[in-house]
file query.cif (mmCIF, C-alpha atoms and all ligand atoms)
data_input
#
loop_
_atom_site.label_atom_id
_atom_site.label_comp_id
_atom_site.auth_asym_id
_atom_site.auth_seq_id
_atom_site.Cartn_x
_atom_site.Cartn_y
_atom_site.Cartn_z
CA MET A 1 0.71 -2.06 -12.19
CA ALA A 2 -2.81 -2.77 -13.47
CA ARG A 3 -5.32 -0.45 -15.09
CA LEU A 4 -9.09 -0.63 -15.08
CA ALA A 5 -10.56 1.48 -17.87
CA VAL A 6 -14.18 2.57 -18.13
CA GLU A 7 -14.59 3.50 -21.79
CA ASN A 8 -17.63 5.39 -23.10
CA VAL A 9 -19.98 3.33 -20.93
CA SER A 10 -23.71 3.92 -21.40
CA VAL A 11 -26.56 2.07 -19.71
CA SER A 12 -30.25 2.54 -20.33
CA PHE A 13 -33.09 0.82 -18.54
CA GLY A 14 -36.01 1.17 -20.95
CA GLY A 15 -36.25 4.93 -21.38
CA ILE A 16 -34.01 5.82 -18.41
CA HIS A 17 -30.41 6.71 -19.29
CA ALA A 18 -28.62 5.71 -16.09
CA LEU A 19 -25.15 6.29 -17.63
CA ARG A 20 -24.20 8.27 -20.72
CA ASP A 21 -20.81 7.93 -22.33
CA VAL A 22 -18.82 7.70 -19.09
CA SER A 23 -15.02 7.29 -19.32
CA PHE A 24 -12.32 7.27 -16.65
CA ASP A 25 -9.38 5.14 -15.47
CA LEU A 26 -8.49 3.52 -12.18
CA GLU A 27 -4.87 2.43 -11.68
CA SER A 28 -3.54 0.10 -8.98
CA GLY A 29 -2.62 2.02 -5.86
CA ALA A 30 -5.14 4.81 -6.54
CA ILE A 31 -8.16 5.56 -4.35
CA VAL A 32 -10.93 7.17 -6.39
CA GLY A 33 -14.21 8.44 -4.95
CA LEU A 34 -17.34 8.18 -7.09
CA ILE A 35 -19.81 10.83 -6.00
CA GLY A 36 -22.98 12.49 -7.24
CA PRO A 37 -26.60 13.08 -6.21
CA ASN A 38 -29.07 10.22 -5.73
CA GLY A 39 -29.96 8.55 -9.02
CA ALA A 40 -26.77 9.83 -10.70
CA GLY A 41 -25.78 6.31 -11.79
CA LYS A 42 -23.09 5.45 -9.24
CA SER A 43 -24.37 1.99 -8.28
CA THR A 44 -25.10 1.23 -11.93
CA LEU A 45 -21.48 2.02 -12.76
CA LEU A 46 -20.18 -0.32 -10.03
CA ASN A 47 -22.56 -2.98 -11.38
CA CYS A 48 -21.13 -2.52 -14.87
CA ILE A 49 -17.57 -2.90 -13.63
CA SER A 50 -18.40 -6.03 -11.64
CA GLY A 51 -20.28 -7.63 -14.55
CA ILE A 52 -23.74 -7.51 -12.94
CA THR A 53 -25.10 -5.02 -15.51
CA ARG A 54 -24.15 -5.14 -19.21
CA PRO A 55 -23.39 -1.71 -20.65
CA THR A 56 -25.66 -0.85 -23.59
CA GLY A 57 -22.71 1.08 -25.04
CA GLY A 58 -18.97 1.19 -24.43
CA ARG A 59 -16.91 -1.27 -22.40
CA VAL A 60 -14.83 -1.88 -19.27
CA ARG A 61 -11.31 -3.22 -19.70
CA LEU A 62 -8.70 -4.60 -17.33
CA ASP A 63 -5.22 -4.13 -18.81
CA GLY A 64 -6.73 -3.98 -22.26
CA VAL A 65 -8.87 -7.11 -21.86
CA VAL A 66 -12.63 -6.48 -22.14
CA LEU A 67 -14.43 -7.42 -18.90
CA SER A 68 -17.87 -6.12 -19.68
CA THR A 69 -18.97 -9.16 -21.70
CA LEU A 70 -18.01 -11.61 -18.91
CA PRO A 71 -20.31 -12.98 -16.18
CA PRO A 72 -19.86 -11.56 -12.64
CA ALA A 73 -18.09 -14.66 -11.26
CA THR A 74 -15.48 -14.46 -14.03
CA VAL A 75 -14.97 -10.75 -13.42
CA ALA A 76 -14.46 -11.51 -9.71
CA GLY A 77 -11.96 -14.21 -10.71
CA ARG A 78 -9.97 -11.61 -12.64
CA GLY A 79 -9.42 -9.75 -9.37
CA ILE A 80 -12.29 -7.27 -9.14
CA GLY A 81 -13.68 -7.43 -5.58
CA ARG A 82 -16.94 -5.90 -4.50
CA VAL A 83 -18.16 -4.90 -1.04
CA PHE A 84 -21.92 -4.52 -0.99
CA GLN A 85 -23.95 -1.89 0.83
CA HIS A 86 -25.41 -4.65 2.99
CA PRO A 87 -22.90 -7.37 3.86
CA GLU A 88 -23.86 -10.75 2.43
CA LEU A 89 -22.67 -13.06 5.16
CA VAL A 90 -23.99 -16.31 6.56
CA VAL A 91 -25.34 -15.07 9.91
CA GLU A 92 -25.42 -18.52 11.53
CA LEU A 93 -21.68 -19.07 10.94
CA SER A 94 -18.70 -17.54 12.72
CA VAL A 95 -16.47 -14.79 11.39
CA ARG A 96 -13.75 -17.34 10.68
CA GLU A 97 -16.15 -19.69 8.88
CA ASN A 98 -17.43 -16.92 6.65
CA LEU A 99 -13.86 -16.05 5.69
CA MET A 100 -13.00 -19.72 5.06
CA ILE A 101 -15.92 -19.88 2.61
CA ALA A 102 -14.42 -16.95 0.71
CA CYS A 103 -11.09 -18.81 0.53
CA HIS A 104 -12.72 -21.93 -0.86
CA ARG A 105 -14.48 -19.91 -3.53
CA SER A 106 -11.20 -18.36 -4.58
CA LEU A 107 -9.45 -21.74 -4.57
CA GLY A 108 -12.19 -23.18 -6.74
CA TYR A 109 -12.73 -26.33 -4.67
CA GLY A 110 -16.24 -27.68 -4.84
CA LEU A 111 -18.20 -28.67 -1.80
CA ILE A 112 -17.96 -32.33 -2.80
CA SER A 113 -14.17 -32.56 -2.77
CA GLU A 114 -14.26 -30.66 0.49
CA LEU A 115 -16.61 -33.22 2.00
CA LEU A 116 -14.46 -36.07 0.72
CA LYS A 117 -11.43 -34.39 2.28
CA LEU A 118 -9.08 -35.25 -0.54
CA PRO A 119 -5.38 -34.85 0.38
CA ASN A 120 -4.90 -31.77 -1.80
CA VAL A 121 -7.77 -30.24 0.13
CA TRP A 122 -6.02 -30.76 3.49
CA ALA A 123 -3.05 -28.72 2.33
CA ALA A 124 -5.32 -26.10 0.84
CA GLU A 125 -7.31 -26.04 4.07
CA ARG A 126 -4.21 -25.31 6.15
CA ALA A 127 -3.07 -22.64 3.72
CA ALA A 128 -6.56 -21.12 3.78
CA ALA A 129 -6.61 -21.13 7.59
CA ARG A 130 -3.29 -19.24 7.63
CA ARG A 131 -4.57 -16.66 5.15
CA VAL A 132 -7.75 -16.22 7.17
CA ASP A 133 -5.67 -15.63 10.32
CA GLU A 134 -3.65 -12.97 8.47
CA VAL A 135 -6.78 -11.21 7.27
CA LEU A 136 -8.38 -11.39 10.73
CA ASP A 137 -5.26 -9.73 12.10
CA ARG A 138 -5.29 -7.08 9.37
CA LEU A 139 -8.94 -6.30 10.12
CA GLY A 140 -8.33 -6.21 13.88
CA LEU A 141 -10.91 -9.00 14.28
CA SER A 142 -8.75 -11.80 15.73
CA GLU A 143 -10.59 -11.59 19.05
CA SER A 144 -14.00 -11.92 17.34
CA ALA A 145 -13.01 -14.81 15.06
CA ASP A 146 -15.27 -17.35 16.74
CA LEU A 147 -18.32 -15.12 17.23
CA THR A 148 -21.27 -15.84 14.97
CA ILE A 149 -22.12 -13.04 12.54
CA ARG A 150 -25.51 -12.74 14.25
CA ASN A 151 -23.75 -11.61 17.44
CA LEU A 152 -21.42 -9.19 15.69
CA PRO A 153 -22.05 -5.40 15.57
CA TYR A 154 -23.01 -4.10 12.11
CA GLY A 155 -19.75 -2.19 11.64
CA HIS A 156 -17.75 -5.35 12.26
CA ARG A 157 -19.89 -7.23 9.73
CA LYS A 158 -18.80 -4.74 7.10
CA LEU A 159 -15.18 -5.42 8.00
CA VAL A 160 -15.79 -9.16 7.57
CA ASP A 161 -17.30 -8.47 4.15
CA LEU A 162 -14.19 -6.49 3.24
CA GLY A 163 -12.08 -9.39 4.54
CA ARG A 164 -13.92 -11.71 2.17
CA ALA A 165 -12.98 -9.52 -0.76
CA LEU A 166 -9.33 -9.41 0.40
CA LEU A 167 -9.18 -13.22 0.50
CA MET A 168 -10.14 -13.46 -3.14
CA ASP A 169 -6.76 -12.18 -4.40
CA ILE A 170 -8.20 -8.98 -5.72
CA ARG A 171 -6.39 -6.17 -7.52
CA PHE A 172 -9.29 -3.73 -7.46
CA LEU A 173 -11.84 -3.14 -4.74
CA LEU A 174 -15.25 -1.55 -5.36
CA LEU A 175 -17.22 -0.28 -2.36
CA ASP A 176 -20.79 1.08 -2.42
CA GLU A 177 -21.51 3.45 0.49
CA PRO A 178 -19.26 1.56 2.92
CA ILE A 179 -19.69 3.87 5.92
CA ALA A 180 -23.51 3.94 5.94
CA GLY A 181 -24.56 2.68 9.37
CA LEU A 182 -21.07 2.82 10.89
CA ASN A 183 -20.22 4.81 14.02
CA GLU A 184 -17.38 7.30 14.18
CA SER A 185 -14.71 4.91 15.42
CA GLU A 186 -15.73 2.26 12.87
CA VAL A 187 -15.46 4.88 10.11
CA ALA A 188 -11.94 5.79 11.24
CA LYS A 189 -11.02 2.12 11.34
CA LEU A 190 -12.33 1.47 7.84
CA ARG A 191 -10.47 4.50 6.52
CA ASP A 192 -7.17 3.29 8.02
CA LEU A 193 -7.79 -0.17 6.68
CA LEU A 194 -8.38 1.06 3.11
CA LEU A 195 -5.20 3.13 3.26
CA ARG A 196 -3.33 0.09 4.57
CA VAL A 197 -4.53 -2.32 1.88
CA ARG A 198 -3.66 0.25 -0.75
CA ARG A 199 -0.16 0.58 0.69
CA GLU A 200 0.49 -3.08 1.44
CA LEU A 201 -1.34 -4.78 -1.42
CA GLY A 202 -1.26 -1.98 -4.01
CA LEU A 203 -5.01 -2.26 -4.59
CA GLY A 204 -6.87 0.24 -6.74
CA ILE A 205 -9.99 1.31 -4.85
CA LEU A 206 -13.23 2.83 -6.18
CA VAL A 207 -15.55 4.02 -3.44
CA VAL A 208 -19.08 5.40 -3.76
CA GLU A 209 -19.83 7.57 -0.75
CA HIS A 210 -22.03 10.54 0.18
CA ASN A 211 -19.99 11.68 3.13
CA MET A 212 -17.77 14.46 1.70
CA PRO A 213 -15.29 14.78 4.57
CA PHE A 214 -14.73 11.01 4.33
CA VAL A 215 -14.17 10.91 0.56
CA SER A 216 -12.12 14.06 0.34
CA GLY A 217 -9.88 12.88 3.20
CA LEU A 218 -9.40 9.42 1.70
CA CYS A 219 -9.37 9.79 -2.08
CA ASP A 220 -6.63 10.90 -4.47
CA ARG A 221 -9.24 11.71 -7.07
CA LEU A 222 -13.00 12.24 -7.30
CA VAL A 223 -15.19 11.33 -10.26
CA VAL A 224 -18.56 13.09 -10.25
CA LEU A 225 -21.69 11.80 -11.96
CA ASP A 226 -24.83 13.83 -12.50
CA LEU A 227 -27.85 12.27 -14.25
CA GLY A 228 -25.58 9.68 -15.83
CA HIS A 229 -23.01 12.18 -17.15
CA LEU A 230 -19.45 12.42 -15.85
CA ILE A 231 -19.17 16.12 -14.96
CA ALA A 232 -15.80 16.23 -13.18
CA ASN A 233 -12.71 14.10 -12.57
CA GLY A 234 -9.74 15.37 -10.56
CA PRO A 235 -8.22 16.03 -7.12
CA PRO A 236 -10.87 16.49 -4.36
CA ALA A 237 -9.97 20.11 -3.56
CA LYS A 238 -10.37 21.11 -7.20
CA VAL A 239 -13.49 19.03 -7.93
CA LEU A 240 -15.40 20.24 -4.86
CA ARG A 241 -14.85 23.86 -5.94
CA ASP A 242 -16.03 23.17 -9.50
CA PRO A 243 -19.15 25.27 -10.19
CA LYS A 244 -20.78 22.39 -12.15
CA VAL A 245 -20.32 20.07 -9.16
CA MET A 246 -21.60 22.67 -6.67
CA ALA A 247 -24.67 23.24 -8.86
CA SER A 248 -25.43 19.52 -9.09
CA TYR A 249 -25.43 19.30 -5.29
CA LEU A 250 -27.73 22.31 -4.76
CA GLY A 251 -30.64 21.18 -2.64
CA GLU A 252 -28.79 17.96 -1.78
CA ASP A 253 -27.65 17.26 1.73
CA ALA A 254 -23.99 16.98 0.78
P1 LIG U 1 -27.11 6.11 -7.63
O1 LIG U 1 -26.43 4.88 -7.14
O2 LIG U 1 -26.17 7.17 -8.09
O3 LIG U 1 -28.08 6.66 -6.62
P2 LIG U 1 -28.34 4.32 -9.56
O4 LIG U 1 -27.20 3.82 -10.37
O5 LIG U 1 -28.87 3.41 -8.52
O6 LIG U 1 -27.96 5.74 -8.93
O7 LIG U 1 -29.54 4.68 -10.53
C1 LIG U 1 -29.40 5.52 -11.68
C2 LIG U 1 -30.72 5.59 -12.40
O8 LIG U 1 -31.03 4.33 -12.99
C3 LIG U 1 -31.90 5.92 -11.50
O9 LIG U 1 -32.79 6.73 -12.24
C4 LIG U 1 -32.50 4.58 -11.20
O10 LIG U 1 -33.87 4.70 -10.92
C5 LIG U 1 -32.26 3.83 -12.50
N1 LIG U 1 -32.10 2.38 -12.31
C6 LIG U 1 -31.08 1.77 -11.63
N2 LIG U 1 -31.20 0.44 -11.68
C7 LIG U 1 -32.31 0.18 -12.42
C8 LIG U 1 -32.97 -1.02 -12.87
N3 LIG U 1 -32.49 -2.22 -12.56
N4 LIG U 1 -34.09 -0.87 -13.63
C9 LIG U 1 -34.55 0.35 -13.94
N5 LIG U 1 -33.99 1.50 -13.59
C10 LIG U 1 -32.88 1.43 -12.83
MG MG U 2 -26.52 3.86 -5.27
#

call {"tool": "encode", "arguments": {"input": "query.cif", "output": "structure tokens"}}
result
Amino acid sequence: MARLAVENVSVSFGGIHALRDVSFDLESGAIVGLIGPNGAGKSTLLNCISGITRPTGGRVRLDGVVLSTLPPATVAGRGIGRVFQHPELVVELSVRENLMIACHRSLGYGLISELLKLPNVWAAERAAARRVDEVLDRLGLSESADLTIRNLPYGHRKLVDLGRALLMDIRFLLLDEPIAGLNESEVAKLRDLLLRVRRELGLGILVVEHNMPFVSGLCDRLVVLDLGHLIANGPPAKVLRDPKVMASYLGEDA
């Protein structure tokens, strides 16, 4: 059981206060939705947790250990995975090759030892190939394994990006607007997949998403930001009836 704690986090960009004194917890096995109008600070908060943005106040801890002074690669190495709004995949390579790259990153083997094909790399290579096959199966992408990313529908690319995160031995998964650009059946598939990785791997998941039916159907808890302030934190049914939350969405297409 691991715990990610956002403690009194503030971020300002020059005169803009993107986050002000934000605190909440994310435990393994929990799915938390991070919602709020445009400009509320949601992406900034994900950036703070993944080490891309340094908080100007407060800190992020994983099981008591401060993460928010570490560089992004180190944070990722501690098991915090991130799925970006636009998948960052090598479009010329196949699905399988993109996933193998993720494995190598997590194993920490440099390109040089890979090229030299040292014996320890052969064993690692076979182990990586097995893990990639497992993830392909989990994602329902076994049939598309040898397609190049360029020839893959957008929704499937997002699944590959999620697969990359899963291969990095993560404990927490952060997703920024994962269903943007997906069709209805892809959305359903992603939802099932998130529920499955929570159940099977015990991941804690933090998902930024505008689509209310999606978040309220998926999440155990919603955290609401408005102009950098945390204005609500609780079960979806309760949070969505909160007058402060309803007011912050007035005029928004929620
Ligand atoms: P959200 O994801 O909720 O739409 P963001 O976290 O992207 O909101 O942005 C919160 C606020 O911080 C906005 O006012 C935005 O313009 C500002 N902001 C975000 N990133 C930067 C940056 N790198 N430099 C300056 N201002 C930024
Ligand atoms: Mg955003």

call {"tool": "residues_near_ligand", "arguments": {"input": "query.cif", "ligand": "ligand LIG 1 (chain U)", "cutoff": "10 Å", "atoms": "all atoms listed in the file", "output": "PyMOL selection string"}}
result
chain A and resi 11-19+34-48+53+176-177+208-210+224-228

call {"tool": "write_last_selection", "arguments": {"input": "query.cif", "atoms": "C-alpha atoms", "output": "PDB file, keeping the file's coordinate frame"}}
result
ATOM      1  CA  VAL A  11     -26.560   2.070 -19.710  1.00  0.00           C
ATOM      2  CA  SER A  12     -30.250   2.540 -20.330  1.00  0.00           C
ATOM      3  CA  PHE A  13     -33.090   0.820 -18.540  1.00  0.00           C
ATOM      4  CA  GLY A  14     -36.010   1.170 -20.950  1.00  0.00           C
ATOM      5  CA  GLY A  15     -36.250   4.930 -21.380  1.00  0.00           C
ATOM      6  CA  ILE A  16     -34.010   5.820 -18.410  1.00  0.00           C
ATOM      7  CA  HIS A  17     -30.410   6.710 -19.290  1.00  0.00           C
ATOM      8  CA  ALA A  18     -28.620   5.710 -16.090  1.00  0.00           C
ATOM      9  CA  LEU A  19     -25.150   6.290 -17.630  1.00  0.00           C
ATOM     10  CA  LEU A  34     -17.340   8.180  -7.090  1.00  0.00           C
ATOM     11  CA  ILE A  35     -19.810  10.830  -6.000  1.00  0.00           C
ATOM     12  CA  GLY A  36     -22.980  12.490  -7.240  1.00  0.00           C
ATOM     13  CA  PRO A  37     -26.600  13.080  -6.210  1.00  0.00           C
ATOM     14  CA  ASN A  38     -29.070  10.220  -5.730  1.00  0.00           C
ATOM     15  CA  GLY A  39     -29.960   8.550  -9.020  1.00  0.00           C
ATOM     16  CA  ALA A  40     -26.770   9.830 -10.700  1.00  0.00           C
ATOM     17  CA  GLY A  41     -25.780   6.310 -11.790  1.00  0.00           C
ATOM     18  CA  LYS A  42     -23.090   5.450  -9.240  1.00  0.00           C
ATOM     19  CA  SER A  43     -24.370   1.990  -8.280  1.00  0.00           C
ATOM     20  CA  THR A  44     -25.100   1.230 -11.930  1.00  0.00           C
ATOM     21  CA  LEU A  45     -21.480   2.020 -12.760  1.00  0.00           C
ATOM     22  CA  LEU A  46     -20.180  -0.320 -10.030  1.00  0.00           C
ATOM     23  CA  ASN A  47     -22.560  -2.980 -11.380  1.00  0.00           C
ATOM     24  CA  CYS A  48     -21.130  -2.520 -14.870  1.00  0.00           C
ATOM     25  CA  THR A  53     -25.100  -5.020 -15.510  1.00  0.00           C
ATOM     26  CA  ASP A 176     -20.790   1.080  -2.420  1.00  0.00           C
ATOM     27  CA  GLU A 177     -21.510   3.450   0.490  1.00  0.00           C
ATOM     28  CA  VAL A 208     -19.080   5.400  -3.760  1.00  0.00           C
ATOM     29  CA  GLU A 209     -19.830   7.570  -0.750  1.00  0.00           C
ATOM     30  CA  HIS A 210     -22.030  10.540   0.180  1.00  0.00           C
ATOM     31  CA  VAL A 224     -18.560  13.090 -10.250  1.00  0.00           C
ATOM     32  CA  LEU A 225     -21.690  11.800 -11.960  1.00  0.00           C
ATOM     33  CA  ASP A 226     -24.830  13.830 -12.500  1.00  0.00           C
ATOM     34  CA  LEU A 227     -27.850  12.270 -14.250  1.00  0.00           C
ATOM     35  CA  GLY A 228     -25.580   9.680 -15.830  1.00  0.00           C
TER      36      GLY A 228
END

call {"tool": "residues_around", "arguments": {"input": "query.cif", "residues": "segment 134-145 of chain A", "least_positions_apart": "5", "cutoff": "9 Å", "atoms": "all atoms listed in the file", "output": "PyMOL selection string"}}
result
chain A and resi 94-97+99+129+152+156+159-160+162-164+166-167+189-190+193+196-197

call {"tool": "axis_aligned_box", "arguments": {"input": "query.cif", "around": "segment 221-236 of chain A", "padding_each_side": "8 Å", "output": "JSON"}}
result
{"center_x": -18.0, "center_y": 13.1, "center_z": -10.8, "size_x": 35.6, "size_y": 22.8, "size_z": 28.8}

call {"tool": "closest_residue", "arguments": {"input": "query.cif", "among": "A:Val207, A:Val65, A:Leu70, A:Ile31", "to": "Phe84 of chain A", "atoms": "all atoms listed in the file"}}
result
A:Val207

call {"tool": "closest_residue", "arguments": {"input": "query.cif", "among": "A:Arg150, A:Leu240, A:His86, A:Arg130", "to": "ligand MG 2 (chain U)", "atoms": "all atoms listed in the file"}}
result
A:His86

call {"tool": "closest_residue", "arguments": {"input": "query.cif", "among": "A:Ala247, A:Ser185, A:Ala30, A:Leu175", "to": "ligand MG 2 (chain U)", "atoms": "only C-alpha atoms and all ligand atoms"}}
result
A:Leu175

call {"tool": "closest_residue", "arguments": {"input": "query.cif", "among": "A:Ser50, A:Ser28, A:Gly57, A:Pro178", "to": "ligand MG 2 (chain U)", "atoms": "only C-alpha atoms and all ligand atoms"}}
result
A:Pro178

call {"tool": "closest_residue", "arguments": {"input": "query.cif", "among": "A:Ile170, A:Val60, A:Ala73, A:Ile231", "to": "Arg198 of chain A", "atoms": "only C-alpha atoms"}}
result
A:Ile170

call {"tool": "atom_distance", "arguments": {"input": "query.cif", "atom1": "atom CA of Asp21 of chain A", "atom2": "atom CA of Ala232 of chain A"}}
result
13.3 Å

call {"tool": "residues_around", "arguments": {"input": "query.cif", "residues": "Ala188 of chain A", "least_positions_apart": "5", "cutoff": "10 Å", "atoms": "all atoms listed in the file", "output": "PyMOL selection string"}}
result
chain A and resi 179+182-183+193+214

call {"tool": "atom_distance", "arguments": {"input": "query.cif", "atom1": "atom CA of Val32 of chain A", "atom2": "atom CA of Asp63 of chain A"}}
result
17.7 Å

call {"tool": "atom_distance", "arguments": {"input": "query.cif", "atom1": "atom CA of Val91 of chain A", "atom2": "atom MG of ligand MG 2 (chain U)"}}
result
24.3 Å

call {"tool": "closest_residue", "arguments": {"input": "query.cif", "among": "A:Val132, A:Val75, A:Leu147, A:Leu26", "to": "Cys219 of chain A", "atoms": "only C-alpha atoms"}}
result
A:Leu26

call {"tool": "residues_near_point", "arguments": {"input": "query.cif", "point": "(-15.4, -9.3, -15.5)", "cutoff": "9 Å", "atoms": "all atoms listed in the file", "output": "MDAnalysis selection string"}}
result
chainID A and resid 48:52 60:62 66:80

call {"tool": "write_last_selection", "arguments": {"input": "query.cif", "atoms": "C-alpha atoms", "output": "tab-separated table (two decimals), in the frame of the given file"}}
result
chain	number	residue	atom	x	y	z
A	48	CYS	CA	-21.13	-2.52	-14.87
A	49	ILE	CA	-17.57	-2.90	-13.63
A	50	SER	CA	-18.40	-6.03	-11.64
A	51	GLY	CA	-20.28	-7.63	-14.55
A	52	ILE	CA	-23.74	-7.51	-12.94
A	60	VAL	CA	-14.83	-1.88	-19.27
A	61	ARG	CA	-11.31	-3.22	-19.70
A	62	LEU	CA	-8.70	-4.60	-17.33
A	66	VAL	CA	-12.63	-6.48	-22.14
A	67	LEU	CA	-14.43	-7.42	-18.90
A	68	SER	CA	-17.87	-6.12	-19.68
A	69	THR	CA	-18.97	-9.16	-21.70
A	70	LEU	CA	-18.01	-11.61	-18.91
A	71	PRO	CA	-20.31	-12.98	-16.18
A	72	PRO	CA	-19.86	-11.56	-12.64
A	73	ALA	CA	-18.09	-14.66	-11.26
A	74	THR	CA	-15.48	-14.46	-14.03
A	75	VAL	CA	-14.97	-10.75	-13.42
A	76	ALA	CA	-14.46	-11.51	-9.71
A	77	GLY	CA	-11.96	-14.21	-10.71
A	78	ARG	CA	-9.97	-11.61	-12.64
A	79	GLY	CA	-9.42	-9.75	-9.37
A	80	ILE	CA	-12.29	-7.27	-9.14
